[in-house]
file start39.cif (mmCIF, C-alpha atoms)
data_data
loop_
_atom_site.label_atom_id
_atom_site.label_comp_id
_atom_site.auth_asym_id
_atom_site.auth_seq_id
_atom_site.Cartn_x
_atom_site.Cartn_y
_atom_site.Cartn_z
CA MET H 1 92.62 151.95 0.12
CA LYS H 2 93.41 148.43 1.27
CA LYS H 3 91.82 146.30 3.97
CA ASN H 4 93.26 143.29 5.77
CA ILE H 5 91.80 139.84 5.09
CA LYS H 6 92.42 136.81 7.29
CA PRO H 7 95.03 134.54 5.63
CA GLY H 8 93.39 132.12 3.21
CA THR H 9 93.84 130.56 -0.23
CA TYR H 10 92.36 133.40 -2.29
CA ALA H 11 95.18 133.80 -4.83
CA CYS H 12 93.86 133.55 -8.36
CA PRO H 13 93.85 132.34 -11.08
CA ALA H 14 94.18 128.68 -10.03
CA PRO H 15 94.44 125.92 -12.62
CA VAL H 16 91.95 123.03 -12.78
CA TRP H 17 93.87 119.84 -13.48
CA CYS H 18 93.13 116.14 -12.92
CA VAL H 19 95.66 113.87 -11.22
CA GLY H 20 95.66 110.17 -12.19
CA THR H 21 97.00 107.39 -9.95
CA TYR H 22 96.57 103.64 -9.37
CA ASP H 23 95.66 102.53 -5.86
CA ALA H 24 97.21 99.53 -4.05
CA ALA H 25 94.81 97.16 -5.82
CA GLY H 26 95.61 98.66 -9.23
CA LYS H 27 92.31 100.53 -9.60
CA ALA H 28 92.65 103.71 -11.65
CA ASN H 29 91.65 106.89 -9.80
CA VAL H 30 91.49 110.56 -10.74
CA MET H 31 91.11 113.66 -8.58
CA THR H 32 90.79 117.31 -9.50
CA VAL H 33 93.44 119.63 -8.05
CA ILE H 34 93.59 123.42 -8.00
CA ARG H 35 96.83 123.67 -5.96
CA ALA H 36 99.34 122.92 -8.69
CA SER H 37 101.81 124.55 -11.05
CA ILE H 38 104.85 124.14 -13.22
CA CYS H 39 107.69 124.69 -10.75
CA CYS H 40 110.90 124.25 -12.76
CA SER H 41 111.78 124.54 -16.44
CA THR H 42 115.15 122.73 -16.54
CA PRO H 43 114.38 119.89 -16.19
CA PRO H 44 110.62 120.48 -16.43
CA HIS H 45 108.73 119.74 -13.20
CA LEU H 46 105.08 120.04 -12.23
CA ALA H 47 104.00 120.19 -8.56
CA ILE H 48 100.64 119.15 -7.13
CA SER H 49 99.38 119.47 -3.55
CA VAL H 50 97.07 116.83 -2.12
CA LYS H 51 95.34 116.62 1.27
CA LYS H 52 96.61 113.86 3.52
CA SER H 53 93.02 112.66 3.83
CA ALA H 54 92.63 112.27 0.03
CA TYR H 55 92.48 108.73 -1.35
CA SER H 56 95.10 109.67 -3.96
CA TYR H 57 97.61 110.57 -1.22
CA GLN H 58 98.43 106.94 -0.37
CA ALA H 59 98.66 106.05 -4.07
CA LEU H 60 101.12 108.91 -4.65
CA LEU H 61 103.27 107.77 -1.72
CA GLN H 62 103.20 104.14 -2.89
CA ARG H 63 103.79 104.52 -6.64
CA GLN H 64 105.78 107.80 -6.57
CA CYS H 65 104.30 108.95 -9.86
CA TYR H 66 101.18 110.51 -11.35
CA THR H 67 99.69 111.96 -14.48
CA VAL H 68 98.15 115.39 -14.88
CA SER H 69 95.35 115.55 -17.47
CA ILE H 70 94.30 119.07 -18.44
CA PRO H 71 90.57 119.19 -19.21
CA SER H 72 88.69 121.43 -21.63
CA VAL H 73 85.77 123.56 -20.47
CA LYS H 74 83.34 121.08 -22.02
CA TYR H 75 84.29 118.52 -19.34
CA LEU H 76 83.35 120.85 -16.45
CA LYS H 77 80.73 118.45 -15.08
CA GLU H 78 83.14 115.50 -14.92
CA VAL H 79 85.98 117.64 -13.54
CA ASP H 80 83.80 119.01 -10.75
CA TYR H 81 82.68 115.45 -9.93
CA PHE H 82 86.33 114.27 -9.81
CA GLY H 83 86.97 116.90 -7.16
CA ILE H 84 83.98 116.12 -4.95
CA VAL H 85 83.78 112.32 -4.82
CA SER H 86 86.46 110.09 -3.23
CA GLY H 87 88.03 107.17 -5.11
CA ARG H 88 87.83 105.33 -1.79
CA ASN H 89 84.14 104.73 -2.45
CA VAL H 90 83.69 105.02 -6.20
CA ASP H 91 85.35 104.09 -9.49
CA LYS H 92 85.28 107.61 -10.92
CA PHE H 93 86.25 106.51 -14.41
CA GLU H 94 83.38 104.00 -14.53
CA THR H 95 80.76 106.39 -13.14
CA SER H 96 81.85 109.33 -15.33
CA GLY H 97 82.18 107.26 -18.49
CA LEU H 98 85.65 108.68 -19.16
CA THR H 99 88.56 106.41 -20.10
CA ALA H 100 91.61 105.52 -17.97
CA THR H 101 94.64 104.87 -20.18
CA HIS H 102 97.98 103.68 -18.81
CA SER H 103 100.77 106.21 -19.27
CA GLU H 104 103.75 105.12 -21.38
CA GLN H 105 106.25 106.80 -19.06
CA VAL H 106 104.95 106.25 -15.51
CA ASP H 107 102.82 103.74 -13.60
CA ALA H 108 99.69 105.91 -13.57
CA PRO H 109 96.55 106.35 -15.68
CA TYR H 110 95.46 109.46 -17.56
CA VAL H 111 92.08 110.68 -18.82
CA ALA H 112 92.09 109.75 -22.51
CA GLU H 113 89.39 112.27 -23.46
CA PHE H 114 91.33 115.27 -22.09
CA PRO H 115 93.52 117.10 -24.61
CA LEU H 116 96.86 117.52 -22.80
CA ILE H 117 98.57 114.98 -20.54
CA PHE H 118 101.72 115.16 -18.39
CA ALA H 119 103.43 112.05 -16.99
CA CYS H 120 105.32 112.84 -13.77
CA LYS H 121 107.80 110.98 -11.58
CA VAL H 122 107.97 112.20 -7.95
CA ARG H 123 111.33 113.80 -7.10
CA HIS H 124 110.45 115.70 -3.89
CA VAL H 125 107.73 115.34 -1.26
CA VAL H 126 107.08 118.40 0.92
CA ASP H 127 104.94 117.97 4.03
CA ILE H 128 103.46 121.45 4.41
CA GLY H 129 100.48 121.00 6.73
CA GLY H 130 97.05 119.72 5.74
CA HIS H 131 98.45 119.31 2.24
CA VAL H 132 101.53 117.46 1.03
CA GLN H 133 103.18 118.69 -2.13
CA PHE H 134 104.50 116.22 -4.69
CA VAL H 135 107.09 117.73 -7.03
CA GLY H 136 107.26 115.56 -10.13
CA GLU H 137 109.61 115.62 -13.09
CA ILE H 138 107.72 115.65 -16.39
CA LEU H 139 108.89 112.54 -18.27
CA GLY H 140 106.38 112.71 -21.11
CA ILE H 141 103.65 114.88 -22.65
CA LYS H 142 100.81 113.76 -24.89
CA ALA H 143 98.58 116.16 -26.77
CA ASP H 144 95.55 115.70 -28.98
CA LYS H 145 96.56 116.51 -32.54
CA ALA H 146 93.61 118.91 -32.67
CA ILE H 147 95.12 121.22 -30.02
CA VAL H 148 98.66 121.35 -31.44
CA ASN H 149 99.74 124.34 -33.52
CA ASP H 150 102.01 124.37 -36.57
CA ASN H 151 104.98 124.92 -34.22
CA GLY H 152 104.23 121.55 -32.60
CA LEU H 153 103.13 123.07 -29.29
CA PRO H 154 99.73 123.07 -27.54
CA ASP H 155 97.46 126.08 -28.22
CA ILE H 156 95.72 127.41 -25.11
CA THR H 157 92.65 128.51 -27.09
CA LYS H 158 92.25 124.99 -28.48
CA ILE H 159 92.77 123.40 -25.04
CA ALA H 160 90.16 125.79 -23.58
CA PRO H 161 91.31 125.16 -20.01
CA LEU H 162 89.27 125.81 -16.90
CA ILE H 163 90.30 128.39 -14.30
CA TYR H 164 89.29 128.31 -10.64
CA ALA H 165 88.48 131.22 -8.35
CA PRO H 166 89.07 129.90 -4.82
CA ALA H 167 87.25 132.72 -3.00
CA SER H 168 83.93 132.16 -4.83
CA LYS H 169 84.50 128.48 -5.71
CA GLU H 170 83.59 129.22 -9.33
CA TYR H 171 85.01 127.96 -12.61
CA TRP H 172 86.02 130.38 -15.36
CA SER H 173 87.67 130.16 -18.78
CA ILE H 174 90.10 132.32 -20.75
CA LYS H 175 89.64 135.24 -23.12
CA SER H 176 91.93 137.66 -24.91
CA ASN H 177 93.27 140.37 -22.60
CA GLU H 178 92.58 143.10 -25.18
CA MET X 1 94.49 110.73 -31.52
CA LYS X 2 97.40 111.92 -29.36
CA LYS X 3 100.96 112.77 -30.27
CA ASN X 4 104.02 112.88 -28.02
CA ILE X 5 105.62 116.24 -27.23
CA LYS X 6 109.09 116.63 -25.74
CA PRO X 7 108.81 117.41 -22.00
CA GLY X 8 108.42 121.14 -21.40
CA THR X 9 106.51 123.64 -19.29
CA TYR X 10 103.34 123.80 -21.39
CA ALA X 11 100.77 123.22 -18.64
CA CYS X 12 98.19 126.00 -18.61
CA PRO X 13 96.70 128.18 -17.24
CA ALA X 14 99.62 129.73 -15.35
CA PRO X 15 99.12 132.66 -12.98
CA VAL X 16 100.92 135.99 -13.44
CA TRP X 17 102.02 137.24 -10.04
CA CYS X 18 104.69 139.69 -8.87
CA VAL X 19 107.12 138.77 -6.10
CA GLY X 20 108.48 141.57 -3.91
CA THR X 21 111.77 141.39 -1.98
CA TYR X 22 114.46 143.66 -0.54
CA ASP X 23 118.05 143.06 -1.66
CA ALA X 24 121.08 143.07 0.67
CA ALA X 25 121.27 146.89 0.45
CA GLY X 26 117.57 147.26 1.26
CA LYS X 27 116.52 148.19 -2.29
CA ALA X 28 112.98 147.07 -3.12
CA ASN X 29 112.72 144.71 -6.09
CA VAL X 30 109.86 142.99 -7.88
CA MET X 31 109.84 140.15 -10.39
CA THR X 32 107.00 138.53 -12.29
CA VAL X 33 106.58 134.78 -11.77
CA ILE X 34 104.39 132.30 -13.63
CA ARG X 35 105.57 129.21 -11.71
CA ALA X 36 103.55 129.64 -8.53
CA SER X 37 100.45 128.43 -6.75
CA ILE X 38 98.63 128.05 -3.48
CA CYS X 39 100.02 124.76 -2.14
CA CYS X 40 98.32 124.22 1.23
CA SER X 41 95.09 125.46 2.78
CA THR X 42 95.72 124.68 6.49
CA PRO X 43 97.73 126.72 7.24
CA PRO X 44 97.57 128.67 3.97
CA HIS X 45 100.79 128.54 1.95
CA LEU X 46 101.78 129.96 -1.42
CA ALA X 47 104.77 128.58 -3.38
CA ILE X 48 106.86 130.43 -5.95
CA SER X 49 109.69 129.10 -8.10
CA VAL X 50 112.62 131.35 -8.99
CA LYS X 51 115.65 130.72 -11.21
CA LYS X 52 118.95 130.52 -9.35
CA SER X 53 120.24 133.21 -11.72
CA ALA X 54 117.45 135.64 -10.78
CA TYR X 55 118.41 138.67 -8.69
CA SER X 56 115.48 137.93 -6.35
CA TYR X 57 116.93 134.48 -5.55
CA GLN X 58 119.62 135.84 -3.21
CA ALA X 59 117.13 138.18 -1.56
CA LEU X 60 114.76 135.27 -0.90
CA LEU X 61 117.57 133.21 0.64
CA GLN X 62 118.74 136.12 2.79
CA ARG X 63 115.44 137.51 4.09
CA GLN X 64 113.38 134.27 3.99
CA CYS X 65 110.21 136.12 3.09
CA TYR X 66 108.41 137.72 0.14
CA THR X 67 105.19 139.31 -0.95
CA VAL X 68 103.03 138.27 -3.88
CA SER X 69 101.13 141.15 -5.52
CA ILE X 70 98.41 140.05 -7.95
CA PRO X 71 98.10 142.55 -10.81
CA SER X 72 95.03 143.48 -12.83
CA VAL X 73 95.03 143.24 -16.63
CA LYS X 74 95.47 147.02 -16.87
CA TYR X 75 99.02 146.66 -15.50
CA LEU X 76 100.09 144.26 -18.26
CA LYS X 77 102.85 146.56 -19.51
CA GLU X 78 104.45 146.92 -16.06
CA VAL X 79 104.04 143.22 -15.25
CA ASP X 80 105.72 142.17 -18.50
CA TYR X 81 108.55 144.62 -17.75
CA PHE X 82 108.97 143.19 -14.24
CA GLY X 83 109.53 139.77 -15.82
CA ILE X 84 112.06 140.86 -18.44
CA VAL X 85 114.41 143.27 -16.65
CA SER X 86 116.69 142.30 -13.74
CA GLY X 87 116.72 144.16 -10.45
CA ARG X 88 120.49 143.73 -10.55
CA ASN X 89 120.68 146.59 -13.05
CA VAL X 90 117.53 148.62 -12.54
CA ASP X 91 115.24 149.95 -9.81
CA LYS X 92 112.05 148.53 -11.31
CA PHE X 93 109.76 150.50 -9.00
CA GLU X 94 111.43 153.77 -9.99
CA THR X 95 111.42 153.08 -13.73
CA SER X 96 107.83 151.76 -13.77
CA GLY X 97 106.45 154.51 -11.56
CA LEU X 98 104.74 151.96 -9.32
CA THR X 99 105.01 152.16 -5.53
CA ALA X 100 106.93 149.85 -3.17
CA THR X 101 105.21 149.64 0.22
CA HIS X 102 106.67 147.74 3.18
CA SER X 103 104.55 144.79 4.23
CA GLU X 104 103.18 144.83 7.77
CA GLN X 105 103.82 141.13 8.30
CA VAL X 106 107.14 140.39 6.56
CA ASP X 107 110.35 142.19 5.63
CA ALA X 108 109.44 142.63 1.96
CA PRO X 109 107.79 145.28 -0.23
CA TYR X 110 104.59 144.94 -2.23
CA VAL X 111 103.20 146.80 -5.26
CA ALA X 112 100.75 149.29 -3.74
CA GLU X 113 98.80 149.78 -6.99
CA PHE X 114 97.97 146.06 -7.36
CA PRO X 115 94.64 144.96 -5.86
CA LEU X 116 95.52 141.81 -3.88
CA ILE X 117 98.65 141.24 -1.78
CA PHE X 118 99.97 138.18 0.09
CA ALA X 119 102.73 138.41 2.72
CA CYS X 120 104.68 135.14 2.95
CA LYS X 121 107.29 133.71 5.33
CA VAL X 122 109.49 130.97 3.82
CA ARG X 123 108.90 127.58 5.48
CA HIS X 124 110.49 125.22 2.90
CA VAL X 125 113.09 125.66 0.16
CA VAL X 126 113.13 122.97 -2.54
CA ASP X 127 116.12 122.85 -4.89
CA ILE X 128 114.56 121.35 -8.02
CA GLY X 129 116.99 122.15 -10.83
CA GLY X 130 117.31 125.45 -12.67
CA HIS X 131 114.57 126.72 -10.35
CA VAL X 132 114.35 126.73 -6.58
CA GLN X 133 110.91 126.66 -5.02
CA PHE X 134 110.14 128.77 -1.97
CA VAL X 135 107.13 127.54 -0.01
CA GLY X 136 105.85 130.41 2.10
CA GLU X 137 103.20 130.55 4.78
CA ILE X 138 100.70 133.34 4.14
CA LEU X 139 100.87 135.60 7.22
CA GLY X 140 98.72 138.42 5.87
CA ILE X 141 96.50 139.45 2.95
CA LYS X 142 95.63 142.98 1.86
CA ALA X 143 92.93 143.72 -0.69
CA ASP X 144 91.72 146.93 -2.31
CA LYS X 145 88.28 147.70 -0.93
CA ALA X 146 87.06 147.98 -4.53
CA ILE X 147 87.72 144.27 -5.23
CA VAL X 148 86.14 142.87 -2.06
CA ASN X 149 82.61 141.46 -2.18
CA ASP X 150 79.90 141.72 0.48
CA ASN X 151 81.18 138.44 1.96
CA GLY X 152 84.53 140.13 2.66
CA LEU X 153 86.43 138.09 0.07
CA PRO X 154 88.18 139.15 -3.15
CA ASP X 155 86.11 138.93 -6.36
CA ILE X 156 88.03 137.49 -9.33
CA THR X 157 86.10 139.61 -11.83
CA LYS X 158 87.07 142.77 -9.94
CA ILE X 159 90.71 141.68 -9.63
CA ALA X 160 90.76 140.94 -13.41
CA PRO X 161 93.92 138.79 -13.09
CA LEU X 162 96.25 137.95 -15.95
CA ILE X 163 96.75 134.38 -17.16
CA TYR X 164 99.84 133.12 -18.94
CA ALA X 165 100.09 130.57 -21.74
CA PRO X 166 103.65 129.22 -21.54
CA ALA X 167 103.68 127.56 -24.97
CA SER X 168 102.86 130.77 -26.86
CA LYS X 169 104.22 133.22 -24.24
CA GLU X 170 100.96 135.16 -24.37
CA TYR X 171 98.90 136.84 -21.68
CA TRP X 172 95.17 136.17 -21.36
CA SER X 173 92.37 137.15 -19.01
CA ILE X 174 89.26 135.42 -17.63
CA LYS X 175 85.70 135.09 -18.87
CA SER X 176 82.63 133.16 -17.78
CA ASN X 177 82.79 129.49 -18.75
CA GLU X 178 79.21 129.54 -20.04
#

call {"tool": "encode", "arguments": {"input": "start39.cif", "output": "structure tokens"}}
result
Amino acid sequence: MKKNIKPGTYACPAPVWCVGTYDAAGKANVMTVIRASICCSTPPHLAISVKKSAYSYQALLQRQCYTVSIPSVKYLKEVDYFGIVSGRNVDKFETSGLTATHSEQVDAPYVAEFPLIFACKVRHVVDIGGHVQFVGEILGIKADKAIVNDNGLPDITKIAPLIYAPASKEYWSIKSNE
Amino acid sequence: MKKNIKPGTYACPAPVWCVGTYDAAGKANVMTVIRASICCSTPPHLAISVKKSAYSYQALLQRQCYTVSIPSVKYLKEVDYFGIVSGRNVDKFETSGLTATHSEQVDAPYVAEFPLIFACKVRHVVDIGGHVQFVGEILGIKADKAIVNDNGLPDITKIAPLIYAPASKEYWSIKSNE
């Protein structure tokens, strides 16, 4: 038996990824996003949605590129902080103690401590409503050697990514489905 | 120490959701997607990416709407099947034994047995490459009473959603991050 729920953003699981940009003054910033996904395989693209009021929004429009750093569960505290505080007021790298490293492929910083990094060049900008979606082509990927398997690809159990439940605003992690 | 990986679709976690459409003849079809996310909160939108070669692609273009049914782990076998077989050749509802129900809000069917359903009207179509992204406004949500909490919202632990790891092509589920 089903009941109707007022439209909202309750689809789960959502990823928990951190978007790196430089602002107009060249200050590195990072914000946590949960509205994001791979959106094309050939060529590989990764889309992120950002509120127009977010400090990163202007940086994305100006530089037309970004990184996505995928955190491990052990960085939950920093990741939650990156999603709450605005880069307008704070240098989030300085206050968190994490390291901004310039991407080789795009003009954006990534979080050096996080295990898996995507460098993206904006190809499409979709003005949806409160959020604008940036669809970026993946120009480069960097992975910690410790999370790469013998086949050369990242291992989800070694990444230990976070998962977000929008309805309860809680973070989760993965386990075997058996 | 990081190593470079050739660009690919290795970002995780990915959701495992099932997209419902009617084809030109009115036959209900369903396909599993892993390239999808909520992409705007006001008004709520949900984006899915579909290969141009997919049977659902023409249906999406023609009817400009779709449902997203979120399966529980216990439907892994059916969900995997929905992602492998094409609706061009098979009636996936008939062969799987699952039930196509017409959405109240849009001209598309959903999977009645799955616990959480989104009805979406296409607002933007983004031609990215091998995949085309459909950005749909969420016009309605239906949830099994059994997965709804006292606050009236869906509970991720009761949904028990699947999670996909693109690099290893494996399905996972959620656990507490503690």

call {"tool": "residues_around", "arguments": {"input": "start39.cif", "residues": "Asp127 (chain X)", "least_positions_apart": "2", "cutoff": "10 Å", "atoms": "all atoms listed in the file", "output": "list in words"}}
result
Cys40 and His124 of chain H; Ser49, Lys52, His124, Val125, Gly129, Gly130, His131, Val132, Gln133 and Phe134 of chain X

call {"tool": "resolve_selection", "arguments": {"input": "start39.cif", "expression": "the PyMOL selection byres ((chain H and resi 82) around 9)", "output": "number ranges by chain"}}
result
H: 18, 30-32, 77-81, 83-87, 92, 96

call {"tool": "resolve_selection", "arguments": {"input": "start39.cif", "expression": "the PyMOL selection byres ((chain X and resi 107-122) around 6)", "output": "list in words"}}
result
Gly20, Thr21, Tyr22, Gln64, Cys65, Tyr66, Thr67, Val68, Ser69, Ile70, Pro71, Thr99, Ala100, Thr101, His102, Ser103, Val106, Arg123, His124, Val135, Gly136, Glu137, Ile138, Leu139, Gly140, Ile141, Lys142, Ala143 and Asp144 of chain X

call {"tool": "calpha_fit_and_write", "arguments": {"input": "start39.cif", "fixed": "chain H", "moving": "chain X", "output": "compact mmCIF listing (two decimals) with C-alpha atoms, in the frame of the given file"}}
result
# COMPACT_ATOMS: atom_id res chain seq x y z
CA MET X 1 92.64 151.99 0.14
CA LYS X 2 93.40 148.43 1.28
CA LYS X 3 91.82 146.31 3.96
CA ASN X 4 93.26 143.29 5.76
CA ILE X 5 91.79 139.85 5.08
CA LYS X 6 92.42 136.81 7.28
CA PRO X 7 95.02 134.54 5.62
CA GLY X 8 93.38 132.12 3.20
CA THR X 9 93.83 130.56 -0.23
CA TYR X 10 92.36 133.40 -2.30
CA ALA X 11 95.18 133.82 -4.82
CA CYS X 12 93.85 133.56 -8.37
CA PRO X 13 93.84 132.34 -11.08
CA ALA X 14 94.18 128.69 -10.05
CA PRO X 15 94.44 125.91 -12.63
CA VAL X 16 91.96 123.03 -12.78
CA TRP X 17 93.87 119.83 -13.48
CA CYS X 18 93.13 116.14 -12.92
CA VAL X 19 95.65 113.86 -11.23
CA GLY X 20 95.66 110.18 -12.19
CA THR X 21 97.00 107.38 -9.96
CA TYR X 22 96.57 103.65 -9.37
CA ASP X 23 95.65 102.52 -5.85
CA ALA X 24 97.22 99.54 -4.04
CA ALA X 25 94.81 97.16 -5.82
CA GLY X 26 95.62 98.65 -9.22
CA LYS X 27 92.32 100.53 -9.59
CA ALA X 28 92.66 103.72 -11.64
CA ASN X 29 91.65 106.89 -9.80
CA VAL X 30 91.49 110.56 -10.73
CA MET X 31 91.11 113.66 -8.58
CA THR X 32 90.80 117.31 -9.51
CA VAL X 33 93.44 119.63 -8.04
CA ILE X 34 93.60 123.42 -8.00
CA ARG X 35 96.82 123.67 -5.96
CA ALA X 36 99.35 122.91 -8.69
CA SER X 37 101.80 124.54 -11.05
CA ILE X 38 104.85 124.13 -13.22
CA CYS X 39 107.70 124.68 -10.74
CA CYS X 40 110.91 124.25 -12.76
CA SER X 41 111.77 124.54 -16.44
CA THR X 42 115.15 122.73 -16.53
CA PRO X 43 114.37 119.90 -16.18
CA PRO X 44 110.62 120.47 -16.43
CA HIS X 45 108.73 119.74 -13.21
CA LEU X 46 105.09 120.03 -12.23
CA ALA X 47 104.00 120.18 -8.56
CA ILE X 48 100.64 119.15 -7.13
CA SER X 49 99.39 119.47 -3.56
CA VAL X 50 97.07 116.82 -2.12
CA LYS X 51 95.33 116.62 1.26
CA LYS X 52 96.62 113.86 3.52
CA SER X 53 93.01 112.66 3.81
CA ALA X 54 92.64 112.27 0.03
CA TYR X 55 92.48 108.73 -1.34
CA SER X 56 95.09 109.67 -3.97
CA TYR X 57 97.60 110.57 -1.21
CA GLN X 58 98.43 106.94 -0.39
CA ALA X 59 98.66 106.06 -4.07
CA LEU X 60 101.12 108.91 -4.65
CA LEU X 61 103.27 107.77 -1.73
CA GLN X 62 103.20 104.14 -2.89
CA ARG X 63 103.78 104.51 -6.63
CA GLN X 64 105.79 107.79 -6.58
CA CYS X 65 104.31 108.94 -9.86
CA TYR X 66 101.18 110.52 -11.34
CA THR X 67 99.70 111.96 -14.48
CA VAL X 68 98.15 115.39 -14.88
CA SER X 69 95.35 115.55 -17.47
CA ILE X 70 94.30 119.08 -18.43
CA PRO X 71 90.57 119.19 -19.20
CA SER X 72 88.70 121.44 -21.62
CA VAL X 73 85.77 123.57 -20.46
CA LYS X 74 83.34 121.07 -22.01
CA TYR X 75 84.30 118.53 -19.32
CA LEU X 76 83.35 120.85 -16.45
CA LYS X 77 80.73 118.46 -15.08
CA GLU X 78 83.15 115.51 -14.92
CA VAL X 79 85.99 117.64 -13.54
CA ASP X 80 83.80 119.01 -10.75
CA TYR X 81 82.70 115.45 -9.94
CA PHE X 82 86.32 114.27 -9.82
CA GLY X 83 86.97 116.91 -7.15
CA ILE X 84 83.97 116.12 -4.96
CA VAL X 85 83.78 112.32 -4.80
CA SER X 86 86.46 110.09 -3.25
CA GLY X 87 88.04 107.19 -5.09
CA ARG X 88 87.83 105.32 -1.80
CA ASN X 89 84.13 104.73 -2.45
CA VAL X 90 83.68 105.02 -6.19
CA ASP X 91 85.35 104.09 -9.49
CA LYS X 92 85.28 107.61 -10.91
CA PHE X 93 86.24 106.50 -14.42
CA GLU X 94 83.38 104.00 -14.51
CA THR X 95 80.75 106.39 -13.13
CA SER X 96 81.85 109.32 -15.34
CA GLY X 97 82.18 107.25 -18.49
CA LEU X 98 85.64 108.67 -19.15
CA THR X 99 88.56 106.41 -20.08
CA ALA X 100 91.62 105.51 -17.96
CA THR X 101 94.65 104.87 -20.17
CA HIS X 102 98.00 103.67 -18.81
CA SER X 103 100.77 106.20 -19.27
CA GLU X 104 103.75 105.13 -21.37
CA GLN X 105 106.26 106.79 -19.06
CA VAL X 106 104.95 106.24 -15.52
CA ASP X 107 102.83 103.73 -13.61
CA ALA X 108 99.70 105.90 -13.57
CA PRO X 109 96.56 106.34 -15.69
CA TYR X 110 95.46 109.45 -17.55
CA VAL X 111 92.07 110.67 -18.82
CA ALA X 112 92.10 109.75 -22.51
CA GLU X 113 89.39 112.26 -23.45
CA PHE X 114 91.33 115.27 -22.08
CA PRO X 115 93.52 117.10 -24.61
CA LEU X 116 96.86 117.53 -22.80
CA ILE X 117 98.57 114.98 -20.54
CA PHE X 118 101.72 115.15 -18.39
CA ALA X 119 103.44 112.04 -17.00
CA CYS X 120 105.32 112.83 -13.78
CA LYS X 121 107.81 110.97 -11.58
CA VAL X 122 107.96 112.20 -7.96
CA ARG X 123 111.32 113.79 -7.12
CA HIS X 124 110.45 115.69 -3.90
CA VAL X 125 107.71 115.34 -1.28
CA VAL X 126 107.09 118.41 0.90
CA ASP X 127 104.96 117.97 4.02
CA ILE X 128 103.45 121.45 4.40
CA GLY X 129 100.47 121.00 6.71
CA GLY X 130 97.04 119.71 5.75
CA HIS X 131 98.45 119.30 2.24
CA VAL X 132 101.52 117.45 1.03
CA GLN X 133 103.17 118.68 -2.14
CA PHE X 134 104.49 116.22 -4.70
CA VAL X 135 107.09 117.71 -7.03
CA GLY X 136 107.26 115.56 -10.14
CA GLU X 137 109.61 115.61 -13.08
CA ILE X 138 107.73 115.65 -16.38
CA LEU X 139 108.89 112.53 -18.27
CA GLY X 140 106.38 112.71 -21.11
CA ILE X 141 103.65 114.88 -22.64
CA LYS X 142 100.81 113.74 -24.89
CA ALA X 143 98.59 116.18 -26.76
CA ASP X 144 95.54 115.72 -28.97
CA LYS X 145 96.56 116.51 -32.53
CA ALA X 146 93.61 118.92 -32.68
CA ILE X 147 95.13 121.22 -30.02
CA VAL X 148 98.66 121.36 -31.43
CA ASN X 149 99.74 124.36 -33.51
CA ASP X 150 102.01 124.38 -36.57
CA ASN X 151 104.98 124.92 -34.23
CA GLY X 152 104.23 121.55 -32.59
CA LEU X 153 103.13 123.07 -29.28
CA PRO X 154 99.73 123.08 -27.54
CA ASP X 155 97.47 126.09 -28.22
CA ILE X 156 95.71 127.42 -25.11
CA THR X 157 92.66 128.52 -27.09
CA LYS X 158 92.26 124.99 -28.47
CA ILE X 159 92.77 123.40 -25.05
CA ALA X 160 90.14 125.81 -23.59
CA PRO X 161 91.33 125.15 -20.00
CA LEU X 162 89.27 125.82 -16.90
CA ILE X 163 90.31 128.39 -14.30
CA TYR X 164 89.29 128.32 -10.66
CA ALA X 165 88.48 131.23 -8.36
CA PRO X 166 89.06 129.90 -4.83
CA ALA X 167 87.25 132.71 -3.01
CA SER X 168 83.94 132.16 -4.83
CA LYS X 169 84.50 128.48 -5.72
CA GLU X 170 83.60 129.22 -9.33
CA TYR X 171 85.01 127.96 -12.61
CA TRP X 172 86.03 130.38 -15.36
CA SER X 173 87.65 130.17 -18.78
CA ILE X 174 90.08 132.33 -20.77
CA LYS X 175 89.63 135.25 -23.13
CA SER X 176 91.94 137.67 -24.90
CA ASN X 177 93.27 140.38 -22.60
CA GLU X 178 92.56 143.10 -25.16

call {"tool": "residues_around", "arguments": {"input": "start39.cif", "residues": "Asp155 (chain X)", "least_positions_apart": "3", "cutoff": "12 Å", "atoms": "all atoms listed in the file", "output": "PyMOL selection string"}}
result
(chain H and resi 10-13+164-170) or (chain X and resi 72+115-116+143-152+158-161)

call {"tool": "atom_distance", "arguments": {"input": "start39.cif", "atom1": "CA of Lys3 (chain H)", "atom2": "CA of Pro44 (chain X)"}}
result
18.5 Å

call {"tool": "axis_aligned_box", "arguments": {"input": "start39.cif", "around": "region 89-97 of chain H", "padding_each_side": "6 Å", "output": "AutoDock Vina command-line options"}}
result
--center_x 83.5 --center_y 106.7 --center_z -10.5 --size_x 17.5 --size_y 17.3 --size_z 28.0

call {"tool": "atom_distance", "arguments": {"input": "start39.cif", "atom1": "CA of Asn4 (chain X)", "atom2": "CA of Ile174 (chain H)"}}
result
25.0 Å

call {"tool": "closest_residue", "arguments": {"input": "start39.cif", "among": "X:Thr9, X:Ser56, X:Ser37, X:Ser173", "to": "Arg88 (chain X)", "atoms": "all atoms listed in the file"}}
result
X:Ser56

call {"tool": "atom_distance", "arguments": {"input": "start39.cif", "atom1": "CA of Arg35 (chain X)", "atom2": "CA of Ser176 (chain X)"}}
result
24.1 Å

call {"tool": "resolve_selection", "arguments": {"input": "start39.cif", "expression": "the PyMOL selection byres ((chain H and resi 59) around 7)", "output": "list in words"}}
result
Thr21, Tyr22, Asp23, Ala24, Ser56, Tyr57, Gln58, Leu60, Leu61, Gln62 and Arg63 of chain H

call {"tool": "closest_residue", "arguments": {"input": "start39.cif", "among": "H:Asn89, H:Ile163, H:Gly97, H:Lys27", "to": "chain X", "atoms": "only C-alpha atoms"}}
result
H:Ile163
